[in-house]
$ cat data23.pdb   # PDB, C-alpha atoms
MODEL        1
ATOM      1  CA  MET I 209    -161.417 -88.459  56.821
ATOM      2  CA  GLY I 210    -157.674 -88.603  57.275
ATOM      3  CA  HIS I 211    -154.947 -89.469  54.856
ATOM      4  CA  ARG I 212    -156.275 -92.943  54.053
ATOM      5  CA  ALA I 213    -159.150 -91.436  52.111
ATOM      6  CA  ILE I 214    -156.577 -89.925  49.777
ATOM      7  CA  LEU I 215    -153.521 -92.169  49.948
ATOM      8  CA  GLY I 216    -155.123 -95.581  50.473
ATOM      9  CA  THR I 217    -153.845 -98.509  52.505
ATOM     10  CA  ALA I 218    -151.090-101.003  51.790
ATOM     11  CA  THR I 219    -151.715-104.458  53.176
ATOM     12  CA  ASN I 220    -149.146-106.641  54.903
ATOM     13  CA  GLU I 221    -149.184-108.903  51.832
ATOM     14  CA  TYR I 222    -148.346-105.897  49.642
ATOM     15  CA  TRP I 223    -145.315-105.074  51.792
ATOM     16  CA  GLU I 224    -144.185-108.691  51.905
ATOM     17  CA  ILE I 225    -144.182-108.899  48.092
ATOM     18  CA  LEU I 226    -142.509-105.508  47.736
ATOM     19  CA  SER I 227    -139.806-106.530  50.183
ATOM     20  CA  ARG I 228    -139.265-109.986  48.686
ATOM     21  CA  GLU I 229    -139.359-109.077  45.007
ATOM     22  CA  PHE I 230    -138.106-105.481  44.917
ATOM     23  CA  SER I 231    -136.136-104.961  48.153
ATOM     24  CA  VAL I 232    -138.348-102.062  49.228
ATOM     25  CA  HIS I 233    -138.966-102.398  52.947
ATOM     26  CA  ARG I 234    -141.496-100.882  55.287
ATOM     27  CA  PRO I 235    -139.864 -99.120  58.236
ATOM     28  CA  ASP I 236    -139.738-101.725  61.000
ATOM     29  CA  ASP I 237    -141.317 -99.661  63.726
ATOM     30  CA  VAL I 238    -144.509 -98.626  62.035
ATOM     31  CA  SER I 239    -147.414-100.348  60.391
ATOM     32  CA  ASP I 240    -148.923 -97.146  58.955
ATOM     33  CA  CYS I 241    -146.718 -96.632  55.932
ATOM     34  CA  ILE I 242    -147.745 -95.630  52.429
ATOM     35  CA  PRO I 243    -145.762 -96.808  49.380
ATOM     36  CA  VAL I 244    -145.321 -93.941  46.937
ATOM     37  CA  SER I 245    -143.843 -93.354  43.523
ATOM     38  CA  LEU I 246    -141.882 -90.397  42.261
ATOM     39  CA  PHE I 247    -142.717 -89.405  38.695
ATOM     40  CA  GLY I 248    -141.045 -87.004  36.313
ATOM     41  CA  ASP I 249    -141.763 -85.937  32.772
ATOM     42  CA  GLU I 250    -141.502 -82.894  30.557
ATOM     43  CA  VAL I 251    -144.748 -81.302  29.443
ATOM     44  CA  GLU I 252    -145.673 -78.286  27.376
ATOM     45  CA  VAL I 253    -147.991 -76.227  29.534
ATOM     46  CA  PHE I 254    -149.428 -73.305  27.605
ATOM     47  CA  ASP I 255    -146.697 -70.825  26.777
ATOM     48  CA  GLY I 256    -144.890 -73.046  24.302
ATOM     49  CA  ASN I 257    -142.147 -73.968  26.777
ATOM     50  CA  GLN I 258    -141.369 -77.415  28.079
ATOM     51  CA  TYR I 259    -141.463 -77.837  31.841
ATOM     52  CA  MET I 260    -140.060 -80.687  33.868
ATOM     53  CA  CYS I 261    -142.813 -81.600  36.305
ATOM     54  CA  ILE I 262    -142.029 -83.872  39.216
ATOM     55  CA  ASN I 263    -144.789 -85.235  41.377
ATOM     56  CA  TRP I 264    -145.386 -88.026  43.828
ATOM     57  CA  SER I 265    -148.363 -90.277  44.274
ATOM     58  CA  SER I 266    -149.463 -93.152  46.428
ATOM     59  CA  GLU I 267    -148.988 -96.574  44.848
ATOM     60  CA  VAL I 268    -152.166 -97.705  46.572
ATOM     61  CA  SER I 269    -154.236 -94.601  45.894
ATOM     62  CA  ILE I 270    -157.935 -95.186  45.571
ATOM     63  CA  HIS I 271    -158.121 -92.209  43.207
ATOM     64  CA  HIS I 272    -155.385 -93.226  40.776
ATOM     65  CA  THR I 273    -157.465 -92.257  37.732
ATOM     66  CA  ASN I 274    -158.085 -88.767  39.121
ATOM     67  CA  ALA I 275    -154.933 -86.700  38.669
ATOM     68  CA  LYS I 276    -155.940 -83.976  41.083
ATOM     69  CA  LEU I 277    -156.655 -86.420  43.871
ATOM     70  CA  SER I 278    -153.632 -88.617  43.361
ATOM     71  CA  LYS I 279    -150.713 -86.661  41.840
ATOM     72  CA  PHE I 280    -149.008 -84.186  44.141
ATOM     73  CA  LEU I 281    -146.869 -81.682  42.342
ATOM     74  CA  CYS I 282    -143.439 -81.013  43.848
ATOM     75  CA  VAL I 283    -141.732 -78.741  41.358
ATOM     76  CA  MET I 284    -141.829 -77.366  37.821
ATOM     77  CA  ILE I 285    -138.657 -76.357  36.024
ATOM     78  CA  PRO I 286    -138.553 -74.990  32.468
ATOM     79  CA  THR I 287    -136.154 -77.138  30.484
ATOM     80  CA  SER I 288    -134.511 -73.940  29.225
ATOM     81  CA  ALA I 289    -133.228 -73.482  32.792
ATOM     82  CA  TYR I 290    -131.355 -76.786  32.834
ATOM     83  CA  PHE I 291    -127.655 -76.400  33.544
ATOM     84  CA  PHE I 292    -125.482 -79.280  32.375
ATOM     85  CA  ASN I 293    -122.030 -80.270  33.542
ATOM     86  CA  GLY I 294    -120.989 -82.614  30.762
ATOM     87  CA  LYS I 295    -123.705 -85.252  30.612
ATOM     88  CA  GLU I 296    -125.012 -84.476  34.088
ATOM     89  CA  ASN I 297    -128.153 -82.371  34.449
ATOM     90  CA  VAL I 298    -127.018 -80.441  37.525
ATOM     91  CA  THR I 299    -130.322 -78.595  37.930
ATOM     92  CA  LEU I 300    -132.339 -81.790  38.003
ATOM     93  CA  GLN I 301    -129.853 -83.546  40.305
ATOM     94  CA  GLN I 302    -129.969 -80.706  42.833
ATOM     95  CA  CYS I 303    -133.748 -80.714  42.666
ATOM     96  CA  LEU I 304    -133.888 -84.475  43.218
ATOM     97  CA  SER I 305    -131.403 -84.185  46.060
ATOM     98  CA  ILE I 306    -133.800 -81.853  47.894
ATOM     99  CA  LEU I 307    -136.726 -84.177  47.232
ATOM    100  CA  VAL I 308    -134.750 -87.214  48.361
ATOM    101  CA  ARG I 309    -133.956 -85.529  51.694
ATOM    102  CA  SER I 310    -137.652 -84.828  52.191
ATOM    103  CA  LEU I 311    -138.668 -88.366  51.247
ATOM    104  CA  ASN I 312    -136.013 -89.825  53.540
ATOM    105  CA  THR I 313    -137.419 -87.736  56.382
ATOM    106  CA  LEU I 314    -140.841 -89.194  55.661
ATOM    107  CA  TYR I 315    -139.360 -92.693  55.626
ATOM    108  CA  THR I 316    -137.433 -92.411  58.859
ATOM    109  CA  CYS I 317    -139.493 -89.965  60.945
ATOM    110  CA  GLY I 318    -142.816 -89.553  59.178
ATOM    111  CA  VAL I 319    -145.273 -86.707  59.501
ATOM    112  CA  ALA I 320    -148.565 -86.707  61.405
ATOM    113  CA  GLY I 321    -148.078 -90.378  62.260
ATOM    114  CA  VAL I 322    -147.670 -91.433  58.658
ATOM    115  CA  LYS I 323    -144.531 -92.709  56.996
ATOM    116  CA  LEU I 324    -143.887 -92.899  53.274
ATOM    117  CA  ALA I 325    -141.598 -95.292  51.452
ATOM    118  CA  VAL I 326    -140.609 -94.741  47.837
ATOM    119  CA  ALA I 327    -141.518 -97.952  46.053
ATOM    120  CA  SER I 328    -140.759 -96.781  42.532
ATOM    121  CA  VAL I 329    -139.367 -93.992  40.409
ATOM    122  CA  LYS I 330    -141.288 -93.513  37.181
ATOM    123  CA  GLY I 331    -140.960 -91.387  34.098
ATOM    124  CA  ASP I 332    -140.162 -91.546  30.434
ATOM    125  CA  TRP I 333    -136.803 -92.775  29.161
ATOM    126  CA  LYS I 334    -135.351 -89.274  28.933
ATOM    127  CA  PHE I 335    -136.251 -88.486  32.541
ATOM    128  CA  MET I 336    -134.901 -91.785  33.820
ATOM    129  CA  CYS I 337    -131.597 -91.265  31.998
ATOM    130  CA  GLN I 338    -131.183 -87.753  33.397
ATOM    131  CA  ALA I 339    -132.366 -88.701  36.885
ATOM    132  CA  LEU I 340    -129.952 -91.629  37.032
ATOM    133  CA  THR I 341    -127.201 -89.814  35.044
ATOM    134  CA  ALA I 342    -127.221 -93.057  33.089
ATOM    135  CA  LYS I 343    -124.547 -93.751  30.497
ATOM    136  CA  ASN I 344    -126.853 -95.966  28.470
ATOM    137  CA  GLY I 345    -129.984 -94.547  26.924
ATOM    138  CA  PRO I 346    -132.173 -94.261  23.867
ATOM    139  CA  SER I 347    -129.461 -92.567  21.796
ATOM    140  CA  SER I 348    -126.701 -95.123  22.487
ATOM    141  CA  ASN I 349    -126.217 -98.659  21.207
ATOM    142  CA  HIS I 350    -126.313 -99.969  24.771
ATOM    143  CA  ILE I 351    -129.828 -99.101  25.865
ATOM    144  CA  CYS I 352    -130.284-100.569  29.339
ATOM    145  CA  PHE I 353    -129.094 -99.171  32.669
ATOM    146  CA  LYS I 354    -129.014-102.624  34.248
ATOM    147  CA  CYS I 355    -127.520-104.899  31.602
ATOM    148  CA  GLY I 356    -125.541-104.899  28.382
ATOM    149  CA  ALA I 357    -128.489-105.215  25.978
ATOM    150  CA  THR I 358    -127.821-103.526  22.665
ATOM    151  CA  LYS I 359    -129.693-102.322  19.617
ATOM    152  CA  ASP I 360    -127.321-104.164  17.303
ATOM    153  CA  LEU I 361    -126.485-107.879  17.326
ATOM    154  CA  THR I 362    -123.782-107.694  20.013
ATOM    155  CA  ALA I 363    -126.333-108.557  22.736
ATOM    156  CA  PRO I 364    -129.642-107.899  20.987
ATOM    157  CA  MET I 365    -132.388-106.513  23.204
ATOM    158  CA  THR I 366    -134.972-108.254  21.017
ATOM    159  CA  ASP I 367    -133.629-111.692  21.996
ATOM    160  CA  LEU I 368    -136.021-112.902  24.686
ATOM    161  CA  SER I 369    -134.713-116.480  24.837
ATOM    162  CA  PRO I 370    -133.639-117.943  28.190
ATOM    163  CA  ASP I 371    -129.976-117.854  27.157
ATOM    164  CA  ALA I 372    -130.011-114.346  25.650
ATOM    165  CA  LEU I 373    -126.612-112.685  25.926
ATOM    166  CA  TRP I 374    -127.895-109.661  27.825
ATOM    167  CA  ARG I 375    -129.154-111.827  30.696
ATOM    168  CA  ALA I 376    -125.563-112.615  31.690
ATOM    169  CA  SER I 377    -124.254-109.072  31.315
ATOM    170  CA  GLN I 378    -125.166-107.181  34.488
ATOM    171  CA  LEU I 379    -123.481-103.786  34.562
ATOM    172  CA  GLU I 380    -121.025-102.747  37.267
ATOM    173  CA  GLU I 381    -121.763 -99.524  39.125
ATOM    174  CA  GLU I 382    -119.138 -97.516  37.244
ATOM    175  CA  ASP I 383    -120.736 -98.586  33.962
ATOM    176  CA  ILE I 384    -124.198 -97.418  34.966
ATOM    177  CA  TRP I 385    -123.894 -93.687  35.593
ATOM    178  CA  HIS I 386    -121.693 -90.715  34.805
ATOM    179  CA  SER I 387    -121.835 -89.557  38.426
ATOM    180  CA  VAL I 388    -123.622 -90.920  41.466
ATOM    181  CA  PRO I 389    -127.247 -89.730  41.161
ATOM    182  CA  ALA I 390    -129.176 -88.098  43.992
ATOM    183  CA  LEU I 391    -131.697 -90.937  43.856
ATOM    184  CA  LYS I 392    -129.076 -93.372  45.135
ATOM    185  CA  GLU I 393    -129.488 -91.779  48.568
ATOM    186  CA  LEU I 394    -133.152 -92.781  48.769
ATOM    187  CA  GLU I 395    -133.811 -94.930  51.798
ATOM    188  CA  CYS I 396    -136.016 -97.945  51.284
TER
ATOM    189  CA  MET H 212    -151.237 -82.000  34.537
ATOM    190  CA  CYS H 213    -153.756 -80.987  31.943
ATOM    191  CA  MET H 214    -156.559 -81.914  34.288
ATOM    192  CA  ALA H 215    -155.282 -79.347  36.749
ATOM    193  CA  LEU H 216    -155.813 -76.633  34.148
ATOM    194  CA  ARG H 217    -159.548 -76.995  33.839
ATOM    195  CA  ARG H 218    -161.761 -74.246  35.173
ATOM    196  CA  GLY H 219    -162.802 -74.318  38.794
ATOM    197  CA  THR H 220    -166.148 -75.800  39.801
ATOM    198  CA  VAL H 221    -168.520 -75.324  42.691
ATOM    199  CA  SER H 222    -167.027 -78.313  44.483
ATOM    200  CA  ASP H 223    -163.561 -76.838  43.968
ATOM    201  CA  ALA H 224    -164.716 -73.589  45.589
ATOM    202  CA  ARG H 225    -166.191 -75.498  48.498
ATOM    203  CA  ALA H 226    -162.979 -77.450  48.925
ATOM    204  CA  HIS H 227    -160.966 -74.256  48.740
ATOM    205  CA  GLY H 228    -163.064 -72.722  51.488
ATOM    206  CA  LYS H 229    -162.396 -75.780  53.586
ATOM    207  CA  LEU H 230    -158.683 -75.379  53.015
ATOM    208  CA  LEU H 231    -158.704 -71.731  53.962
ATOM    209  CA  ARG H 232    -160.649 -72.418  57.134
ATOM    210  CA  ALA H 233    -158.081 -75.073  58.005
ATOM    211  CA  ASP H 234    -155.327 -72.521  57.313
ATOM    212  CA  LEU H 235    -153.898 -74.745  54.623
ATOM    213  CA  ALA H 236    -153.535 -72.265  51.797
ATOM    214  CA  PHE H 237    -150.944 -73.264  49.254
ATOM    215  CA  LYS H 238    -148.616 -70.373  50.041
ATOM    216  CA  ASP H 239    -147.780 -71.954  53.376
ATOM    217  CA  LEU H 240    -146.651 -75.129  51.682
ATOM    218  CA  ILE H 241    -144.233 -73.665  49.188
ATOM    219  CA  SER H 242    -140.639 -73.428  50.286
ATOM    220  CA  TYR H 243    -137.722 -72.047  48.318
ATOM    221  CA  HIS H 244    -134.538 -73.929  47.561
ATOM    222  CA  HIS H 245    -131.467 -72.943  45.659
ATOM    223  CA  LEU H 246    -131.151 -74.598  42.268
ATOM    224  CA  PRO H 247    -128.413 -74.052  39.691
ATOM    225  CA  VAL H 248    -130.132 -72.427  36.737
ATOM    226  CA  ALA H 249    -128.655 -71.869  33.288
ATOM    227  CA  LEU H 250    -128.291 -68.303  32.040
ATOM    228  CA  GLU H 251    -128.701 -67.199  28.446
ATOM    229  CA  ASP H 252    -124.962 -66.474  28.148
ATOM    230  CA  GLY H 253    -124.172 -70.105  29.022
ATOM    231  CA  GLY H 254    -123.342 -69.381  32.626
ATOM    232  CA  MET H 255    -125.113 -70.524  35.744
ATOM    233  CA  GLU H 256    -126.468 -68.930  38.893
ATOM    234  CA  LEU H 257    -128.162 -70.240  41.982
ATOM    235  CA  GLN H 258    -131.796 -69.165  42.146
ATOM    236  CA  ALA H 259    -134.354 -69.658  44.913
ATOM    237  CA  TRP H 260    -136.905 -71.957  43.338
ATOM    238  CA  PRO H 261    -140.408 -72.769  44.624
ATOM    239  CA  MET H 262    -141.004 -76.374  45.632
ATOM    240  CA  ILE H 263    -143.621 -78.265  47.592
ATOM    241  CA  LEU H 264    -141.784 -80.931  49.492
ATOM    242  CA  PRO H 265    -143.622 -84.197  50.122
ATOM    243  CA  GLU H 266    -143.185 -83.723  53.866
ATOM    244  CA  SER H 267    -145.173 -80.470  53.594
ATOM    245  CA  MET H 268    -148.055 -82.212  51.850
ATOM    246  CA  VAL H 269    -148.551 -85.256  54.035
ATOM    247  CA  GLY H 270    -149.652 -83.350  57.127
ATOM    248  CA  PRO H 271    -152.413 -81.416  55.319
ATOM    249  CA  LEU H 272    -153.501 -84.586  53.545
ATOM    250  CA  TYR H 273    -154.187 -86.008  56.957
ATOM    251  CA  THR H 274    -156.677 -83.222  57.573
ATOM    252  CA  VAL H 275    -158.261 -82.493  54.253
ATOM    253  CA  PHE H 276    -160.214 -84.842  52.081
ATOM    254  CA  SER H 277    -160.825 -82.796  48.950
ATOM    255  CA  ILE H 278    -157.746 -81.150  47.517
ATOM    256  CA  ALA H 279    -158.983 -80.408  44.019
ATOM    257  CA  ALA H 280    -159.050 -76.635  44.390
ATOM    258  CA  TRP H 281    -155.793 -76.727  46.229
ATOM    259  CA  HIS H 282    -154.110 -78.425  43.302
ATOM    260  CA  VAL H 283    -155.369 -75.822  40.858
ATOM    261  CA  ASP H 284    -154.025 -73.069  43.094
ATOM    262  CA  VAL H 285    -150.682 -74.751  43.470
ATOM    263  CA  PHE H 286    -150.323 -75.324  39.763
ATOM    264  CA  PHE H 287    -151.113 -71.755  38.720
ATOM    265  CA  ASN H 288    -149.029 -70.237  41.441
ATOM    266  CA  PHE H 289    -146.057 -72.289  40.342
ATOM    267  CA  LEU H 290    -146.509 -70.877  36.879
ATOM    268  CA  LEU H 291    -146.820 -67.344  38.179
ATOM    269  CA  GLN H 292    -143.737 -67.631  40.332
ATOM    270  CA  ILE H 293    -141.438 -69.135  37.756
ATOM    271  CA  SER H 294    -142.637 -67.146  34.757
TER
ENDMDL
END
$ encode --input "data23.pdb" --output "structure tokens"
Amino acid sequence: MGHRAILGTATNEYWEILSREFSVHRPDDVSDCIPVSLFGDEVEVFDGNQYMCINWSSEVSIHHTNAKLSKFLCVMIPTSAYFFNGKENVTLQQCLSILVRSLNTLYTCGVAGVKLAVASVKGDWKFMCQALTAKNGPSSNHICFKCGATKDLTAPMTDLSPDALWRASQLEEEDIWHSVPALKELEC
Amino acid sequence: MCMALRRGTVSDARAHGKLLRADLAFKDLISYHHLPVALEDGGMELQAWPMILPESMVGPLYTVFSIAAWHVDVFFNFLLQIS
């Protein structure tokens, strides 16, 4: 059977679009590479506690509607165990740092002849803010981690016109995060 | 995640047997890493935490087609180990 029966196959066209539009590149020396996503969210399991669950899945999985055949659990952390240093979720950052090292190994060296490239990081807004240690989030007036879109009329996020103010307000790196997140070390 | 909590089925048992024969039981895939964990008094300590790194999963995925039972095992054993 092999991994393709589980993880699927990414075509050359897929990689060309991913590289051109999203700057995610296939390792040059291998054609057998699977694009994957990293996903995080908090869920209540059965004991009344919230757990942060992080999993990875193939972006080209042929079983994407079957959780057990497509979502591979990496770690579960009860949110009560989170340790914060200011706005930074240190527990989550350390956890992501370990996962990033593993994913980078899969990108550069591979395992069993297969390489993986992280094509996306997914999750709800809360996870994305904590994973990126983002300054902007759902509870602030500035809501975007890439631009200066706001909830109020300063640069309204609801303005979708071609000359909307937020389109010309790309954030500088120091405006994006409280501290450099572990995910910045992802190779792609 | 909820799907992983459903009761096992015959096909799960068959898949599990396949995993065991291939020496791919979940316990071999879990590694422990130190994470800073909050204490009730507001402090912090480093605790060895169970994780399944993606690099540990890809090799077995190359060998095994059905991983349904495996996922159930992994999920419940995570809960047992961190509870």
$ resolve_selection --input "data23.pdb" --expression "the PyMOL selection byres ((chain I) within 8 of (chain H))" --output "VMD selection string"
chain I and resid 209 to 214 253 264 275 to 277 280 to 285 288 to 291 298 to 299 302 to 303 306 to 307 310 to 311 313 to 314 318 to 320 322
$ write_last_selection --input "data23.pdb" --atoms "C-alpha atoms" --output "PDB file, in the coordinates of the input"
ATOM      1  CA  MET I 209    -161.417 -88.459  56.821  1.00  0.00           C
ATOM      2  CA  GLY I 210    -157.674 -88.603  57.275  1.00  0.00           C
ATOM      3  CA  HIS I 211    -154.947 -89.469  54.856  1.00  0.00           C
ATOM      4  CA  ARG I 212    -156.275 -92.943  54.053  1.00  0.00           C
ATOM      5  CA  ALA I 213    -159.150 -91.436  52.111  1.00  0.00           C
ATOM      6  CA  ILE I 214    -156.577 -89.925  49.777  1.00  0.00           C
ATOM      7  CA  VAL I 253    -147.991 -76.227  29.534  1.00  0.00           C
ATOM      8  CA  TRP I 264    -145.386 -88.026  43.828  1.00  0.00           C
ATOM      9  CA  ALA I 275    -154.933 -86.700  38.669  1.00  0.00           C
ATOM     10  CA  LYS I 276    -155.940 -83.976  41.083  1.00  0.00           C
ATOM     11  CA  LEU I 277    -156.655 -86.420  43.871  1.00  0.00           C
ATOM     12  CA  PHE I 280    -149.008 -84.186  44.141  1.00  0.00           C
ATOM     13  CA  LEU I 281    -146.869 -81.682  42.342  1.00  0.00           C
ATOM     14  CA  CYS I 282    -143.439 -81.013  43.848  1.00  0.00           C
ATOM     15  CA  VAL I 283    -141.732 -78.741  41.358  1.00  0.00           C
ATOM     16  CA  MET I 284    -141.829 -77.366  37.821  1.00  0.00           C
ATOM     17  CA  ILE I 285    -138.657 -76.357  36.024  1.00  0.00           C
ATOM     18  CA  SER I 288    -134.511 -73.940  29.225  1.00  0.00           C
ATOM     19  CA  ALA I 289    -133.228 -73.482  32.792  1.00  0.00           C
ATOM     20  CA  TYR I 290    -131.355 -76.786  32.834  1.00  0.00           C
ATOM     21  CA  PHE I 291    -127.655 -76.400  33.544  1.00  0.00           C
ATOM     22  CA  VAL I 298    -127.018 -80.441  37.525  1.00  0.00           C
ATOM     23  CA  THR I 299    -130.322 -78.595  37.930  1.00  0.00           C
ATOM     24  CA  GLN I 302    -129.969 -80.706  42.833  1.00  0.00           C
ATOM     25  CA  CYS I 303    -133.748 -80.714  42.666  1.00  0.00           C
ATOM     26  CA  ILE I 306    -133.800 -81.853  47.894  1.00  0.00           C
ATOM     27  CA  LEU I 307    -136.726 -84.177  47.232  1.00  0.00           C
ATOM     28  CA  SER I 310    -137.652 -84.828  52.191  1.00  0.00           C
ATOM     29  CA  LEU I 311    -138.668 -88.366  51.247  1.00  0.00           C
ATOM     30  CA  THR I 313    -137.419 -87.736  56.382  1.00  0.00           C
ATOM     31  CA  LEU I 314    -140.841 -89.194  55.661  1.00  0.00           C
ATOM     32  CA  GLY I 318    -142.816 -89.553  59.178  1.00  0.00           C
ATOM     33  CA  VAL I 319    -145.273 -86.707  59.501  1.00  0.00           C
ATOM     34  CA  ALA I 320    -148.565 -86.707  61.405  1.00  0.00           C
ATOM     35  CA  VAL I 322    -147.670 -91.433  58.658  1.00  0.00           C
TER      36      VAL I 322
END
$ resolve_selection --input "data23.pdb" --expression "the PyMOL selection byres ((chain I and resi 225-228) around 12)" --output "PDB file with C-alpha atoms, in the frame of the given file"
ATOM      1  CA  ALA I 218    -151.090-101.003  51.790  1.00  0.00           C
ATOM      2  CA  THR I 219    -151.715-104.458  53.176  1.00  0.00           C
ATOM      3  CA  ASN I 220    -149.146-106.641  54.903  1.00  0.00           C
ATOM      4  CA  GLU I 221    -149.184-108.903  51.832  1.00  0.00           C
ATOM      5  CA  TYR I 222    -148.346-105.897  49.642  1.00  0.00           C
ATOM      6  CA  TRP I 223    -145.315-105.074  51.792  1.00  0.00           C
ATOM      7  CA  GLU I 224    -144.185-108.691  51.905  1.00  0.00           C
ATOM      8  CA  GLU I 229    -139.359-109.077  45.007  1.00  0.00           C
ATOM      9  CA  PHE I 230    -138.106-105.481  44.917  1.00  0.00           C
ATOM     10  CA  SER I 231    -136.136-104.961  48.153  1.00  0.00           C
ATOM     11  CA  VAL I 232    -138.348-102.062  49.228  1.00  0.00           C
ATOM     12  CA  HIS I 233    -138.966-102.398  52.947  1.00  0.00           C
ATOM     13  CA  ARG I 234    -141.496-100.882  55.287  1.00  0.00           C
ATOM     14  CA  PRO I 235    -139.864 -99.120  58.236  1.00  0.00           C
ATOM     15  CA  ASP I 236    -139.738-101.725  61.000  1.00  0.00           C
ATOM     16  CA  PRO I 243    -145.762 -96.808  49.380  1.00  0.00           C
ATOM     17  CA  VAL I 244    -145.321 -93.941  46.937  1.00  0.00           C
ATOM     18  CA  GLU I 267    -148.988 -96.574  44.848  1.00  0.00           C
ATOM     19  CA  ALA I 325    -141.598 -95.292  51.452  1.00  0.00           C
ATOM     20  CA  VAL I 326    -140.609 -94.741  47.837  1.00  0.00           C
ATOM     21  CA  ALA I 327    -141.518 -97.952  46.053  1.00  0.00           C
ATOM     22  CA  SER I 328    -140.759 -96.781  42.532  1.00  0.00           C
ATOM     23  CA  CYS I 396    -136.016 -97.945  51.284  1.00  0.00           C
TER      24      CYS I 396
END
$ atom_distance --input "data23.pdb" --atom1 "atom CA of Met365 of chain I" --atom2 "atom CA of Lys295 of chain I"
24.1 Å
$ atom_distance --input "data23.pdb" --atom1 "atom CA of Val388 of chain I" --atom2 "atom CA of Ser266 of chain I"
26.4 Å
$ resolve_selection --input "data23.pdb" --expression "the PyMOL selection byres ((chain I and resi 261) around 7)" --output "PyMOL selection string"
chain I and resi 248-250+259-260+262-263+283-285
$ write_last_selection --input "data23.pdb" --atoms "C-alpha atoms" --output "short mmCIF file (atom, residue, chain, number, x, y, z; two decimals), in the frame of the given file"
data_model
loop_
_atom_site.label_atom_id
_atom_site.label_comp_id
_atom_site.auth_asym_id
_atom_site.auth_seq_id
_atom_site.Cartn_x
_atom_site.Cartn_y
_atom_site.Cartn_z
CA GLY I 248 -141.04 -87.00 36.31
CA ASP I 249 -141.76 -85.94 32.77
CA GLU I 250 -141.50 -82.89 30.56
CA TYR I 259 -141.46 -77.84 31.84
CA MET I 260 -140.06 -80.69 33.87
CA ILE I 262 -142.03 -83.87 39.22
CA ASN I 263 -144.79 -85.24 41.38
CA VAL I 283 -141.73 -78.74 41.36
CA MET I 284 -141.83 -77.37 37.82
CA ILE I 285 -138.66 -76.36 36.02
#
$ atom_distance --input "data23.pdb" --atom1 "atom CA of Cys337 of chain I" --atom2 "atom CA of Trp374 of chain I"
19.2 Å
$ closest_residue --input "data23.pdb" --among "I:Phe292, I:Leu394, I:Leu361, I:Ile384" --to "Gly345 of chain I" --atoms "all atoms listed in the file"
I:Ile384
$ residues_around --input "data23.pdb" --residues "segment 346-349 of chain I" --least-positions-apart "5" --cutoff "9 Å" --atoms "all atoms listed in the file" --output "list of chain:residue names"
I:Trp333, I:Lys334, I:Cys337, I:Ala357, I:Thr358, I:Lys359, I:Asp360
$ closest_residue --input "data23.pdb" --among "I:Glu381, I:Glu296, I:Glu395, I:Glu252" --to "Cys317 of chain I" --atoms "all atoms listed in the file"
I:Glu395
$ build_atoms --input "data23.pdb" --residues "segment 247-258 of chain H" --atoms "N, CA and C atoms" --output "PDB file, in the coordinates of the input"
ATOM      1  N   PRO H 247    -129.262 -74.632  40.735  1.00  0.00           N
ATOM      2  CA  PRO H 247    -128.413 -74.052  39.691  1.00  0.00           C
ATOM      3  C   PRO H 247    -129.203 -73.919  38.392  1.00  0.00           C
ATOM      4  N   VAL H 248    -129.304 -72.709  37.917  1.00  0.00           N
ATOM      5  CA  VAL H 248    -130.132 -72.427  36.737  1.00  0.00           C
ATOM      6  C   VAL H 248    -129.256 -71.839  35.634  1.00  0.00           C
ATOM      7  N   ALA H 249    -129.461 -72.337  34.422  1.00  0.00           N
ATOM      8  CA  ALA H 249    -128.655 -71.869  33.288  1.00  0.00           C
ATOM      9  C   ALA H 249    -129.050 -70.448  32.897  1.00  0.00           C
ATOM     10  N   LEU H 250    -128.047 -69.655  32.543  1.00  0.00           N
ATOM     11  CA  LEU H 250    -128.291 -68.303  32.040  1.00  0.00           C
ATOM     12  C   LEU H 250    -128.184 -68.296  30.523  1.00  0.00           C
ATOM     13  N   GLU H 251    -128.709 -67.264  29.911  1.00  0.00           N
ATOM     14  CA  GLU H 251    -128.701 -67.199  28.446  1.00  0.00           C
ATOM     15  C   GLU H 251    -127.293 -67.149  27.880  1.00  0.00           C
ATOM     16  N   ASP H 252    -126.336 -66.574  28.651  1.00  0.00           N
ATOM     17  CA  ASP H 252    -124.962 -66.474  28.148  1.00  0.00           C
ATOM     18  C   ASP H 252    -124.171 -67.769  28.361  1.00  0.00           C
ATOM     19  N   GLY H 253    -124.844 -68.829  28.817  1.00  0.00           N
ATOM     20  CA  GLY H 253    -124.172 -70.105  29.022  1.00  0.00           C
ATOM     21  C   GLY H 253    -123.678 -70.303  30.437  1.00  0.00           C
ATOM     22  N   GLY H 254    -123.764 -69.272  31.239  1.00  0.00           N
ATOM     23  CA  GLY H 254    -123.342 -69.381  32.626  1.00  0.00           C
ATOM     24  C   GLY H 254    -124.413 -70.004  33.506  1.00  0.00           C
ATOM     25  N   MET H 255    -124.176 -69.922  34.792  1.00  0.00           N
ATOM     26  CA  MET H 255    -125.113 -70.524  35.744  1.00  0.00           C
ATOM     27  C   MET H 255    -125.184 -69.643  36.977  1.00  0.00           C
ATOM     28  N   GLU H 256    -126.349 -69.588  37.593  1.00  0.00           N
ATOM     29  CA  GLU H 256    -126.468 -68.930  38.893  1.00  0.00           C
ATOM     30  C   GLU H 256    -127.437 -69.707  39.763  1.00  0.00           C
ATOM     31  N   LEU H 257    -127.249 -69.585  41.058  1.00  0.00           N
ATOM     32  CA  LEU H 257    -128.162 -70.240  41.982  1.00  0.00           C
ATOM     33  C   LEU H 257    -129.385 -69.347  42.161  1.00  0.00           C
ATOM     34  N   GLN H 258    -130.559 -69.929  41.975  1.00  0.00           N
ATOM     35  CA  GLN H 258    -131.796 -69.165  42.146  1.00  0.00           C
ATOM     36  C   GLN H 258    -132.696 -69.879  43.155  1.00  0.00           C
TER      37      GLN H 258
END
